[in-house]
file structure.cif (mmCIF, N, CA and C atoms and all ligand atoms)
data_work
loop_
_atom_site.label_atom_id
_atom_site.label_comp_id
_atom_site.auth_asym_id
_atom_site.auth_seq_id
_atom_site.Cartn_x
_atom_site.Cartn_y
_atom_site.Cartn_z
N MET H 6 137.50 50.69 152.06
CA MET H 6 136.51 51.26 152.97
C MET H 6 137.09 52.51 153.62
N LYS H 7 136.18 53.42 153.97
CA LYS H 7 136.61 54.67 154.61
C LYS H 7 136.05 54.75 156.02
N LEU H 8 136.90 55.18 156.93
CA LEU H 8 136.48 55.35 158.31
C LEU H 8 135.75 56.69 158.45
N LYS H 9 134.67 56.67 159.20
CA LYS H 9 133.85 57.88 159.30
C LYS H 9 133.33 58.04 160.73
N ILE H 10 133.37 59.28 161.23
CA ILE H 10 132.76 59.57 162.53
C ILE H 10 131.48 60.37 162.27
N ASP H 11 130.38 59.90 162.82
CA ASP H 11 129.13 60.64 162.71
C ASP H 11 129.16 61.74 163.77
N GLU H 12 129.42 62.96 163.31
CA GLU H 12 129.60 64.08 164.24
C GLU H 12 128.35 64.37 165.06
N SER H 13 127.18 64.06 164.51
CA SER H 13 125.95 64.36 165.24
C SER H 13 125.75 63.40 166.42
N ARG H 14 126.43 62.25 166.40
CA ARG H 14 126.29 61.28 167.48
C ARG H 14 127.40 61.39 168.51
N CYS H 15 128.59 61.80 168.07
CA CYS H 15 129.78 61.80 168.94
C CYS H 15 129.59 62.71 170.15
N LYS H 16 130.02 62.22 171.33
CA LYS H 16 129.92 63.07 172.53
C LYS H 16 131.29 63.48 173.06
N GLY H 17 132.34 63.20 172.29
CA GLY H 17 133.67 63.70 172.63
C GLY H 17 134.32 63.02 173.81
N CYS H 18 133.98 61.76 174.05
CA CYS H 18 134.56 61.06 175.22
C CYS H 18 136.02 60.66 174.99
N ASN H 19 136.44 60.62 173.73
CA ASN H 19 137.82 60.29 173.35
C ASN H 19 138.24 58.85 173.68
N LEU H 20 137.28 57.97 173.88
CA LEU H 20 137.63 56.55 174.09
C LEU H 20 138.31 55.99 172.84
N CYS H 21 137.84 56.42 171.67
CA CYS H 21 138.45 55.95 170.42
C CYS H 21 139.91 56.39 170.32
N VAL H 22 140.20 57.57 170.83
CA VAL H 22 141.58 58.08 170.81
C VAL H 22 142.47 57.16 171.63
N MET H 23 141.94 56.67 172.73
CA MET H 23 142.74 55.84 173.64
C MET H 23 142.98 54.43 173.13
N VAL H 24 142.02 53.86 172.38
CA VAL H 24 142.13 52.44 172.06
C VAL H 24 142.79 52.11 170.72
N CYS H 25 142.79 53.03 169.77
CA CYS H 25 143.28 52.66 168.43
C CYS H 25 144.78 52.39 168.44
N PRO H 26 145.18 51.18 168.03
CA PRO H 26 146.62 50.86 168.04
C PRO H 26 147.43 51.68 167.03
N TYR H 27 146.78 52.26 166.03
CA TYR H 27 147.48 53.06 165.03
C TYR H 27 147.40 54.56 165.33
N ARG H 28 146.75 54.90 166.41
CA ARG H 28 146.57 56.32 166.79
C ARG H 28 145.96 57.13 165.64
N ILE H 29 144.93 56.57 165.08
CA ILE H 29 144.25 57.25 163.97
C ILE H 29 143.36 58.39 164.46
N PHE H 30 142.82 58.25 165.66
CA PHE H 30 141.98 59.31 166.23
C PHE H 30 142.86 60.23 167.07
N THR H 31 142.68 61.51 166.89
CA THR H 31 143.42 62.47 167.73
C THR H 31 142.44 63.45 168.36
N GLU H 32 142.77 63.85 169.56
CA GLU H 32 141.91 64.82 170.25
C GLU H 32 141.84 66.10 169.44
N SER H 33 140.68 66.71 169.48
CA SER H 33 140.48 67.87 168.63
C SER H 33 139.82 69.03 169.38
N SER H 34 139.98 70.21 168.83
CA SER H 34 139.26 71.35 169.39
C SER H 34 138.13 71.75 168.45
N LEU H 35 137.96 70.94 167.39
CA LEU H 35 136.89 71.18 166.41
C LEU H 35 135.53 70.81 167.02
N LEU H 36 134.61 71.75 167.07
CA LEU H 36 133.33 71.48 167.73
C LEU H 36 132.24 71.12 166.72
N ASN H 37 131.41 70.14 167.11
CA ASN H 37 130.28 69.82 166.23
C ASN H 37 129.12 70.77 166.55
N THR H 38 127.97 70.53 165.97
CA THR H 38 126.85 71.48 166.12
C THR H 38 126.35 71.58 167.56
N ARG H 39 126.67 70.56 168.37
CA ARG H 39 126.26 70.60 169.78
C ARG H 39 127.38 71.14 170.69
N GLY H 40 128.45 71.65 170.07
CA GLY H 40 129.56 72.22 170.84
C GLY H 40 130.47 71.17 171.45
N ILE H 41 130.51 69.99 170.83
CA ILE H 41 131.32 68.89 171.36
C ILE H 41 132.56 68.70 170.48
N PRO H 42 133.75 68.54 171.11
CA PRO H 42 134.95 68.34 170.29
C PRO H 42 135.02 66.92 169.73
N VAL H 43 134.87 66.80 168.44
CA VAL H 43 134.87 65.49 167.78
C VAL H 43 136.32 65.15 167.39
N PRO H 44 136.80 63.94 167.69
CA PRO H 44 138.18 63.60 167.33
C PRO H 44 138.44 63.76 165.83
N GLU H 45 139.67 64.08 165.51
CA GLU H 45 140.05 64.18 164.11
C GLU H 45 140.69 62.86 163.69
N LEU H 46 140.68 62.61 162.38
CA LEU H 46 141.28 61.38 161.87
C LEU H 46 142.63 61.69 161.25
N ASP H 47 143.64 60.97 161.71
CA ASP H 47 144.99 61.15 161.17
C ASP H 47 145.30 59.99 160.22
N ARG H 48 145.30 60.25 158.96
CA ARG H 48 145.56 59.26 157.90
C ARG H 48 144.79 57.95 158.15
N PRO H 49 143.46 58.02 158.07
CA PRO H 49 142.65 56.83 158.37
C PRO H 49 142.88 55.66 157.43
N GLU H 50 143.54 55.92 156.29
CA GLU H 50 143.82 54.82 155.37
C GLU H 50 144.79 53.80 155.98
N ARG H 51 145.38 54.12 157.13
CA ARG H 51 146.26 53.17 157.82
C ARG H 51 145.47 52.12 158.61
N CYS H 52 144.20 52.38 158.83
CA CYS H 52 143.36 51.47 159.64
C CYS H 52 143.32 50.07 159.03
N THR H 53 143.52 49.08 159.87
CA THR H 53 143.51 47.68 159.42
C THR H 53 142.21 47.35 158.71
N ASN H 54 141.13 47.83 159.28
CA ASN H 54 139.82 47.53 158.74
C ASN H 54 139.62 48.17 157.37
N CYS H 55 140.08 49.41 157.22
CA CYS H 55 139.94 50.09 155.93
C CYS H 55 140.71 49.34 154.85
N ARG H 56 141.87 48.84 155.20
CA ARG H 56 142.74 48.21 154.19
C ARG H 56 142.30 46.80 153.83
N LEU H 57 141.87 46.02 154.83
CA LEU H 57 141.75 44.58 154.61
C LEU H 57 140.35 44.00 154.72
N GLN H 58 139.36 44.86 154.97
CA GLN H 58 138.00 44.34 155.16
C GLN H 58 137.50 43.58 153.93
N TYR H 59 137.79 44.12 152.75
CA TYR H 59 137.36 43.45 151.52
C TYR H 59 138.06 42.11 151.36
N LEU H 60 139.37 42.13 151.60
CA LEU H 60 140.17 40.93 151.38
C LEU H 60 139.71 39.78 152.27
N TYR H 61 139.43 40.08 153.53
CA TYR H 61 139.04 39.03 154.48
C TYR H 61 137.53 38.79 154.50
N GLY H 62 136.77 39.70 153.93
CA GLY H 62 135.33 39.53 153.89
C GLY H 62 134.66 39.70 155.23
N ARG H 63 135.31 40.33 156.16
CA ARG H 63 134.71 40.60 157.47
C ARG H 63 135.42 41.77 158.11
N ARG H 64 134.85 42.28 159.18
CA ARG H 64 135.47 43.41 159.86
C ARG H 64 136.66 42.94 160.69
N LEU H 65 137.75 43.69 160.59
CA LEU H 65 138.95 43.38 161.37
C LEU H 65 139.12 44.45 162.43
N CYS H 66 139.85 44.15 163.47
CA CYS H 66 140.07 45.09 164.57
C CYS H 66 138.70 45.62 165.00
N GLY H 67 138.35 46.83 164.64
CA GLY H 67 137.02 47.35 164.98
C GLY H 67 136.88 47.73 166.45
N VAL H 68 137.99 47.81 167.17
CA VAL H 68 137.95 48.13 168.61
C VAL H 68 137.30 49.50 168.84
N CYS H 69 137.63 50.45 167.97
CA CYS H 69 137.08 51.81 168.13
C CYS H 69 135.56 51.79 168.04
N ALA H 70 135.03 51.06 167.05
CA ALA H 70 133.57 51.00 166.87
C ALA H 70 132.92 50.27 168.04
N MET H 71 133.62 49.26 168.57
CA MET H 71 133.05 48.50 169.68
C MET H 71 132.99 49.33 170.96
N ILE H 72 134.01 50.16 171.18
CA ILE H 72 134.08 50.91 172.43
C ILE H 72 133.27 52.20 172.38
N CYS H 73 132.98 52.69 171.19
CA CYS H 73 132.25 53.96 171.09
C CYS H 73 130.84 53.82 171.69
N PRO H 74 130.55 54.57 172.73
CA PRO H 74 129.25 54.42 173.40
C PRO H 74 128.07 54.93 172.58
N ASP H 75 128.36 55.68 171.52
CA ASP H 75 127.27 56.27 170.73
C ASP H 75 127.17 55.73 169.31
N GLN H 76 127.86 54.64 169.04
CA GLN H 76 127.85 54.04 167.69
C GLN H 76 128.09 55.11 166.62
N ALA H 77 129.07 55.96 166.87
CA ALA H 77 129.34 57.06 165.95
C ALA H 77 130.37 56.69 164.88
N ILE H 78 131.02 55.53 165.04
CA ILE H 78 132.10 55.16 164.12
C ILE H 78 131.62 54.07 163.17
N SER H 79 131.87 54.30 161.89
CA SER H 79 131.48 53.29 160.91
C SER H 79 132.43 53.36 159.72
N TRP H 80 132.24 52.43 158.79
CA TRP H 80 133.04 52.40 157.57
C TRP H 80 132.10 52.49 156.38
N VAL H 81 132.47 53.29 155.44
CA VAL H 81 131.63 53.42 154.25
C VAL H 81 132.46 53.04 153.02
N LYS H 82 131.75 52.54 152.04
CA LYS H 82 132.39 52.09 150.80
C LYS H 82 132.73 53.31 149.95
N GLU H 83 133.90 53.30 149.32
CA GLU H 83 134.25 54.39 148.42
C GLU H 83 133.35 54.34 147.18
N LYS H 84 133.10 55.52 146.61
CA LYS H 84 132.35 55.57 145.36
C LYS H 84 133.24 54.99 144.25
N PRO H 85 132.65 54.46 143.18
CA PRO H 85 133.45 53.82 142.13
C PRO H 85 134.53 54.74 141.54
N TYR H 86 134.23 56.04 141.45
CA TYR H 86 135.18 56.98 140.86
C TYR H 86 136.13 57.59 141.89
N GLU H 87 135.97 57.21 143.14
CA GLU H 87 136.74 57.85 144.21
C GLU H 87 138.15 57.25 144.31
N TYR H 88 139.11 58.12 144.54
CA TYR H 88 140.50 57.71 144.71
C TYR H 88 140.62 56.86 145.96
N HIS H 89 141.22 55.70 145.85
CA HIS H 89 141.32 54.76 146.96
C HIS H 89 142.77 54.66 147.43
N LYS H 90 143.03 55.26 148.58
CA LYS H 90 144.40 55.30 149.07
C LYS H 90 144.60 54.25 150.16
N VAL H 91 145.69 53.51 150.06
CA VAL H 91 146.01 52.50 151.06
C VAL H 91 147.41 52.74 151.57
N VAL H 92 147.57 52.74 152.88
CA VAL H 92 148.90 52.92 153.48
C VAL H 92 149.15 51.76 154.42
N ILE H 93 150.31 51.14 154.30
CA ILE H 93 150.65 50.03 155.19
C ILE H 93 151.70 50.50 156.18
N GLU H 94 151.42 50.30 157.44
CA GLU H 94 152.33 50.78 158.47
C GLU H 94 152.68 49.61 159.39
N PHE H 95 153.95 49.41 159.67
CA PHE H 95 154.37 48.28 160.51
C PHE H 95 154.75 48.77 161.90
S1 LIG H 101 139.42 49.54 163.42
FE1 LIG H 101 141.21 49.37 164.78
S2 LIG H 101 142.92 50.23 163.56
FE2 LIG H 101 141.03 50.90 162.59
S3 LIG H 101 140.62 52.92 163.48
FE3 LIG H 101 139.49 51.40 164.71
S4 LIG H 101 140.84 50.84 166.41
FE4 LIG H 101 142.09 51.89 164.85
S1 LIG H 102 134.36 56.97 171.19
FE1 LIG H 102 132.63 57.65 169.90
S2 LIG H 102 131.61 59.21 171.12
FE2 LIG H 102 133.63 58.93 172.01
S3 LIG H 102 134.92 60.50 170.99
FE3 LIG H 102 135.12 58.59 169.81
S4 LIG H 102 133.56 58.78 168.17
FE4 LIG H 102 133.04 60.27 169.76
#
call {"tool": "encode", "arguments": {"input": "structure.cif", "output": "structure tokens"}}
result
Amino acid sequence: MKLKIDESRCKGCNLCVMVCPYRIFTESSLLNTRGIPVPELDRPERCTNCRLQYLYGRRLCGVCAMICPDQAISWVKEKPYEYHKVVIEF
């Protein structure tokens, strides 16, 4: 699974930056169409949910999606031909 931020929904509150235990979200100066700085993703393949959601058959961690006030964070399935990168970090 791939972690995705819906830039049209994000309001740049950076709550996701604060809560992720892997520090996958980083503050950004990149502005979306509404002039809001949307967090950048730093090697999202490290996310517990991206790596293990299939194996466990349910969402793991998910703190970022729970805390996001605009439901801007989601996970999407890779296309069949898409390169699937997994990184394990302890
Ligand atoms: S699900 Fe957990 S590990 Fe993955 S990006 Fe969100 S807070 Fe970080
Ligand atoms: S918590 Fe949601 S709205 Fe806030 S910066 Fe992160 S993605 Fe954007």
call {"tool": "closest_atom_pairs", "arguments": {"input": "structure.cif", "of": "chain H", "to": "ligand LIG 102 (chain H)", "cutoff": "8 Å", "atoms": "only C-alpha atoms and all ligand atoms", "output": "JSON lines"}}
result
{"residue": "H:Ile10", "atom": "CA", "partner": "H:LIG102", "partner_atom": "S4", "distance": 5.8}
{"residue": "H:Asp11", "atom": "CA", "partner": "H:LIG102", "partner_atom": "S4", "distance": 7.3}
{"residue": "H:Glu12", "atom": "CA", "partner": "H:LIG102", "partner_atom": "FE4", "distance": 7.5}
{"residue": "H:Arg14", "atom": "CA", "partner": "H:LIG102", "partner_atom": "S2", "distance": 6.8}
{"residue": "H:Cys15", "atom": "CA", "partner": "H:LIG102", "partner_atom": "FE4", "distance": 3.7}
{"residue": "H:Lys16", "atom": "CA", "partner": "H:LIG102", "partner_atom": "S2", "distance": 4.4}
{"residue": "H:Gly17", "atom": "CA", "partner": "H:LIG102", "partner_atom": "S3", "distance": 3.8}
{"residue": "H:Cys18", "atom": "CA", "partner": "H:LIG102", "partner_atom": "FE2", "distance": 4.0}
{"residue": "H:Asn19", "atom": "CA", "partner": "H:LIG102", "partner_atom": "S3", "distance": 3.7}
{"residue": "H:Leu20", "atom": "CA", "partner": "H:LIG102", "partner_atom": "S1", "distance": 4.4}
{"residue": "H:Cys21", "atom": "CA", "partner": "H:LIG102", "partner_atom": "S1", "distance": 4.3}
{"residue": "H:Val22", "atom": "CA", "partner": "H:LIG102", "partner_atom": "FE3", "distance": 6.6}
{"residue": "H:Phe30", "atom": "CA", "partner": "H:LIG102", "partner_atom": "FE3", "distance": 7.8}
{"residue": "H:Pro42", "atom": "CA", "partner": "H:LIG102", "partner_atom": "S3", "distance": 7.9}
{"residue": "H:Val43", "atom": "CA", "partner": "H:LIG102", "partner_atom": "FE4", "distance": 5.9}
{"residue": "H:Pro44", "atom": "CA", "partner": "H:LIG102", "partner_atom": "S3", "distance": 5.8}
{"residue": "H:Cys69", "atom": "CA", "partner": "H:LIG102", "partner_atom": "S1", "distance": 6.6}
{"residue": "H:Ala70", "atom": "CA", "partner": "H:LIG102", "partner_atom": "FE1", "distance": 7.4}
{"residue": "H:Ile72", "atom": "CA", "partner": "H:LIG102", "partner_atom": "S1", "distance": 6.2}
{"residue": "H:Cys73", "atom": "CA", "partner": "H:LIG102", "partner_atom": "S1", "distance": 3.7}
{"residue": "H:Pro74", "atom": "CA", "partner": "H:LIG102", "partner_atom": "S2", "distance": 5.8}
{"residue": "H:Asp75", "atom": "CA", "partner": "H:LIG102", "partner_atom": "S2", "distance": 5.3}
{"residue": "H:Gln76", "atom": "CA", "partner": "H:LIG102", "partner_atom": "FE1", "distance": 6.4}
{"residue": "H:Ala77", "atom": "CA", "partner": "H:LIG102", "partner_atom": "S4", "distance": 5.1}
{"residue": "H:Ile78", "atom": "CA", "partner": "H:LIG102", "partner_atom": "S4", "distance": 5.6}
call {"tool": "residues_around", "arguments": {"input": "structure.cif", "residues": "range 50-67 of chain H", "least_positions_apart": "5", "cutoff": "9 Å", "atoms": "only C-alpha atoms", "output": "PyMOL selection string"}}
result
chain H and resi 6-8+25+27+29+72+80+89-94
call {"tool": "atom_distance", "arguments": {"input": "structure.cif", "atom1": "atom N of Met71 in chain H", "atom2": "CA of Lys84 in chain H"}}
result
24.1 Å
call {"tool": "closest_residue", "arguments": {"input": "structure.cif", "among": "H:Tyr88, H:Ser34, H:Gly40, H:Met23", "to": "ligand LIG 101 (chain H)", "atoms": "only N, CA and C atoms and all ligand atoms"}}
result
H:Met23
call {"tool": "atom_distance", "arguments": {"input": "structure.cif", "atom1": "atom C of Val24 in chain H", "atom2": "atom N of Arg39 in chain H"}}
result
24.6 Å
call {"tool": "select_by_dssp", "arguments": {"input": "structure.cif", "residues": "chain H", "states": "strand (DSSP E or B)", "output": "list of chain:residue names"}}
result
H:Lys7, H:Leu8, H:Lys9, H:Ile10, H:Phe30, H:Thr31, H:Leu36, H:Pro42, H:Glu45, H:Leu46, H:Ile78, H:Ser79, H:Trp80, H:Val81
call {"tool": "closest_residue", "arguments": {"input": "structure.cif", "among": "H:Leu46, H:Ile41, H:Leu35, H:Arg28", "to": "Ser13 in chain H", "atoms": "only C-alpha atoms"}}
result
H:Ile41
call {"tool": "decode", "arguments": {"input": "structure.cif", "residues": "range 10-48 of chain H", "atoms": "N, CA and C atoms", "output": "PDB file, in the first residue's frame"}}
result
ATOM      1  N   ILE H  10      -1.299  11.850   0.545  1.00  0.00           N
ATOM      2  CA  ILE H  10      -1.971  13.013   1.134  1.00  0.00           C
ATOM      3  C   ILE H  10      -2.789  13.671   0.030  1.00  0.00           C
ATOM      4  N   ASP H  11      -4.060  13.880   0.297  1.00  0.00           N
ATOM      5  CA  ASP H  11      -4.914  14.587  -0.658  1.00  0.00           C
ATOM      6  C   ASP H  11      -4.655  16.081  -0.473  1.00  0.00           C
ATOM      7  N   GLU H  12      -3.885  16.641  -1.389  1.00  0.00           N
ATOM      8  CA  GLU H  12      -3.462  18.045  -1.257  1.00  0.00           C
ATOM      9  C   GLU H  12      -4.639  19.012  -1.267  1.00  0.00           C
ATOM     10  N   SER H  13      -5.721  18.641  -1.931  1.00  0.00           N
ATOM     11  CA  SER H  13      -6.866  19.557  -2.001  1.00  0.00           C
ATOM     12  C   SER H  13      -7.602  19.638  -0.665  1.00  0.00           C
ATOM     13  N   ARG H  14      -7.399  18.650   0.208  1.00  0.00           N
ATOM     14  CA  ARG H  14      -8.081  18.656   1.504  1.00  0.00           C
ATOM     15  C   ARG H  14      -7.196  19.189   2.622  1.00  0.00           C
ATOM     16  N   CYS H  15      -5.883  19.000   2.500  1.00  0.00           N
ATOM     17  CA  CYS H  15      -4.950  19.341   3.582  1.00  0.00           C
ATOM     18  C   CYS H  15      -4.986  20.833   3.909  1.00  0.00           C
ATOM     19  N   LYS H  16      -4.979  21.151   5.218  1.00  0.00           N
ATOM     20  CA  LYS H  16      -4.960  22.565   5.606  1.00  0.00           C
ATOM     21  C   LYS H  16      -3.646  22.964   6.275  1.00  0.00           C
ATOM     22  N   GLY H  17      -2.658  22.069   6.237  1.00  0.00           N
ATOM     23  CA  GLY H  17      -1.321  22.422   6.700  1.00  0.00           C
ATOM     24  C   GLY H  17      -1.181  22.559   8.195  1.00  0.00           C
ATOM     25  N   CYS H  18      -2.004  21.834   8.955  1.00  0.00           N
ATOM     26  CA  CYS H  18      -1.935  21.961  10.427  1.00  0.00           C
ATOM     27  C   CYS H  18      -0.706  21.251  11.007  1.00  0.00           C
ATOM     28  N   ASN H  19      -0.125  20.335  10.249  1.00  0.00           N
ATOM     29  CA  ASN H  19       1.074  19.588  10.657  1.00  0.00           C
ATOM     30  C   ASN H  19       0.865  18.660  11.853  1.00  0.00           C
ATOM     31  N   LEU H  20      -0.367  18.301  12.144  1.00  0.00           N
ATOM     32  CA  LEU H  20      -0.610  17.322  13.216  1.00  0.00           C
ATOM     33  C   LEU H  20       0.016  15.979  12.846  1.00  0.00           C
ATOM     34  N   CYS H  21      -0.056  15.632  11.563  1.00  0.00           N
ATOM     35  CA  CYS H  21       0.532  14.362  11.114  1.00  0.00           C
ATOM     36  C   CYS H  21       2.045  14.362  11.330  1.00  0.00           C
ATOM     37  N   VAL H  22       2.663  15.514  11.157  1.00  0.00           N
ATOM     38  CA  VAL H  22       4.117  15.629  11.363  1.00  0.00           C
ATOM     39  C   VAL H  22       4.452  15.313  12.818  1.00  0.00           C
ATOM     40  N   MET H  23       3.590  15.750  13.716  1.00  0.00           N
ATOM     41  CA  MET H  23       3.860  15.577  15.146  1.00  0.00           C
ATOM     42  C   MET H  23       3.643  14.153  15.638  1.00  0.00           C
ATOM     43  N   VAL H  24       2.686  13.424  15.050  1.00  0.00           N
ATOM     44  CA  VAL H  24       2.312  12.139  15.641  1.00  0.00           C
ATOM     45  C   VAL H  24       3.023  10.911  15.059  1.00  0.00           C
ATOM     46  N   CYS H  25       3.523  10.980  13.846  1.00  0.00           N
ATOM     47  CA  CYS H  25       4.060   9.759  13.225  1.00  0.00           C
ATOM     48  C   CYS H  25       5.329   9.287  13.939  1.00  0.00           C
ATOM     49  N   PRO H  26       5.317   8.055  14.452  1.00  0.00           N
ATOM     50  CA  PRO H  26       6.506   7.557  15.160  1.00  0.00           C
ATOM     51  C   PRO H  26       7.719   7.374  14.246  1.00  0.00           C
ATOM     52  N   TYR H  27       7.514   7.275  12.946  1.00  0.00           N
ATOM     53  CA  TYR H  27       8.624   7.100  12.012  1.00  0.00           C
ATOM     54  C   TYR H  27       9.055   8.419  11.368  1.00  0.00           C
ATOM     55  N   ARG H  28       8.404   9.488  11.743  1.00  0.00           N
ATOM     56  CA  ARG H  28       8.703  10.817  11.174  1.00  0.00           C
ATOM     57  C   ARG H  28       8.645  10.787   9.641  1.00  0.00           C
ATOM     58  N   ILE H  29       7.592  10.204   9.152  1.00  0.00           N
ATOM     59  CA  ILE H  29       7.409  10.115   7.700  1.00  0.00           C
ATOM     60  C   ILE H  29       6.940  11.444   7.112  1.00  0.00           C
ATOM     61  N   PHE H  30       6.193  12.211   7.889  1.00  0.00           N
ATOM     62  CA  PHE H  30       5.724  13.517   7.410  1.00  0.00           C
ATOM     63  C   PHE H  30       6.725  14.584   7.848  1.00  0.00           C
ATOM     64  N   THR H  31       7.069  15.455   6.935  1.00  0.00           N
ATOM     65  CA  THR H  31       7.955  16.567   7.299  1.00  0.00           C
ATOM     66  C   THR H  31       7.318  17.881   6.865  1.00  0.00           C
ATOM     67  N   GLU H  32       7.560  18.893   7.656  1.00  0.00           N
ATOM     68  CA  GLU H  32       7.019  20.217   7.320  1.00  0.00           C
ATOM     69  C   GLU H  32       7.573  20.654   5.977  1.00  0.00           C
ATOM     70  N   SER H  33       6.737  21.353   5.243  1.00  0.00           N
ATOM     71  CA  SER H  33       7.130  21.700   3.884  1.00  0.00           C
ATOM     72  C   SER H  33       6.829  23.160   3.561  1.00  0.00           C
ATOM     73  N   SER H  34       7.505  23.655   2.552  1.00  0.00           N
ATOM     74  CA  SER H  34       7.172  24.997   2.077  1.00  0.00           C
ATOM     75  C   SER H  34       6.450  24.897   0.735  1.00  0.00           C
ATOM     76  N   LEU H  35       6.176  23.645   0.334  1.00  0.00           N
ATOM     77  CA  LEU H  35       5.456  23.389  -0.922  1.00  0.00           C
ATOM     78  C   LEU H  35       3.981  23.753  -0.759  1.00  0.00           C
ATOM     79  N   LEU H  36       3.476  24.647  -1.585  1.00  0.00           N
ATOM     80  CA  LEU H  36       2.100  25.105  -1.408  1.00  0.00           C
ATOM     81  C   LEU H  36       1.142  24.388  -2.355  1.00  0.00           C
ATOM     82  N   ASN H  37      -0.044  24.064  -1.827  1.00  0.00           N
ATOM     83  CA  ASN H  37      -1.047  23.465  -2.715  1.00  0.00           C
ATOM     84  C   ASN H  37      -1.809  24.587  -3.434  1.00  0.00           C
ATOM     85  N   THR H  38      -2.848  24.244  -4.155  1.00  0.00           N
ATOM     86  CA  THR H  38      -3.546  25.254  -4.981  1.00  0.00           C
ATOM     87  C   THR H  38      -4.206  26.343  -4.139  1.00  0.00           C
ATOM     88  N   ARG H  39      -4.431  26.049  -2.851  1.00  0.00           N
ATOM     89  CA  ARG H  39      -5.028  27.063  -1.974  1.00  0.00           C
ATOM     90  C   ARG H  39      -3.966  27.844  -1.193  1.00  0.00           C
ATOM     91  N   GLY H  40      -2.693  27.630  -1.546  1.00  0.00           N
ATOM     92  CA  GLY H  40      -1.603  28.345  -0.876  1.00  0.00           C
ATOM     93  C   GLY H  40      -1.267  27.791   0.491  1.00  0.00           C
ATOM     94  N   ILE H  41      -1.558  26.513   0.704  1.00  0.00           N
ATOM     95  CA  ILE H  41      -1.317  25.884   2.012  1.00  0.00           C
ATOM     96  C   ILE H  41      -0.110  24.953   1.913  1.00  0.00           C
ATOM     97  N   PRO H  42       0.808  25.022   2.897  1.00  0.00           N
ATOM     98  CA  PRO H  42       1.974  24.125   2.837  1.00  0.00           C
ATOM     99  C   PRO H  42       1.596  22.698   3.241  1.00  0.00           C
ATOM    100  N   VAL H  43       1.637  21.807   2.292  1.00  0.00           N
ATOM    101  CA  VAL H  43       1.272  20.406   2.525  1.00  0.00           C
ATOM    102  C   VAL H  43       2.528  19.645   2.955  1.00  0.00           C
ATOM    103  N   PRO H  44       2.464  18.849   4.030  1.00  0.00           N
ATOM    104  CA  PRO H  44       3.656  18.112   4.455  1.00  0.00           C
ATOM    105  C   PRO H  44       4.208  17.214   3.343  1.00  0.00           C
ATOM    106  N   GLU H  45       5.507  17.027   3.375  1.00  0.00           N
ATOM    107  CA  GLU H  45       6.135  16.124   2.414  1.00  0.00           C
ATOM    108  C   GLU H  45       6.297  14.760   3.067  1.00  0.00           C
ATOM    109  N   LEU H  46       6.419  13.733   2.224  1.00  0.00           N
ATOM    110  CA  LEU H  46       6.589  12.377   2.752  1.00  0.00           C
ATOM    111  C   LEU H  46       8.045  11.966   2.612  1.00  0.00           C
ATOM    112  N   ASP H  47       8.629  11.542   3.721  1.00  0.00           N
ATOM    113  CA  ASP H  47      10.016  11.080   3.711  1.00  0.00           C
ATOM    114  C   ASP H  47      10.029   9.552   3.763  1.00  0.00           C
ATOM    115  N   ARG H  48      10.345   8.931   2.675  1.00  0.00           N
ATOM    116  CA  ARG H  48      10.389   7.468   2.536  1.00  0.00           C
ATOM    117  C   ARG H  48       9.161   6.795   3.172  1.00  0.00           C
TER     118      ARG H  48
END
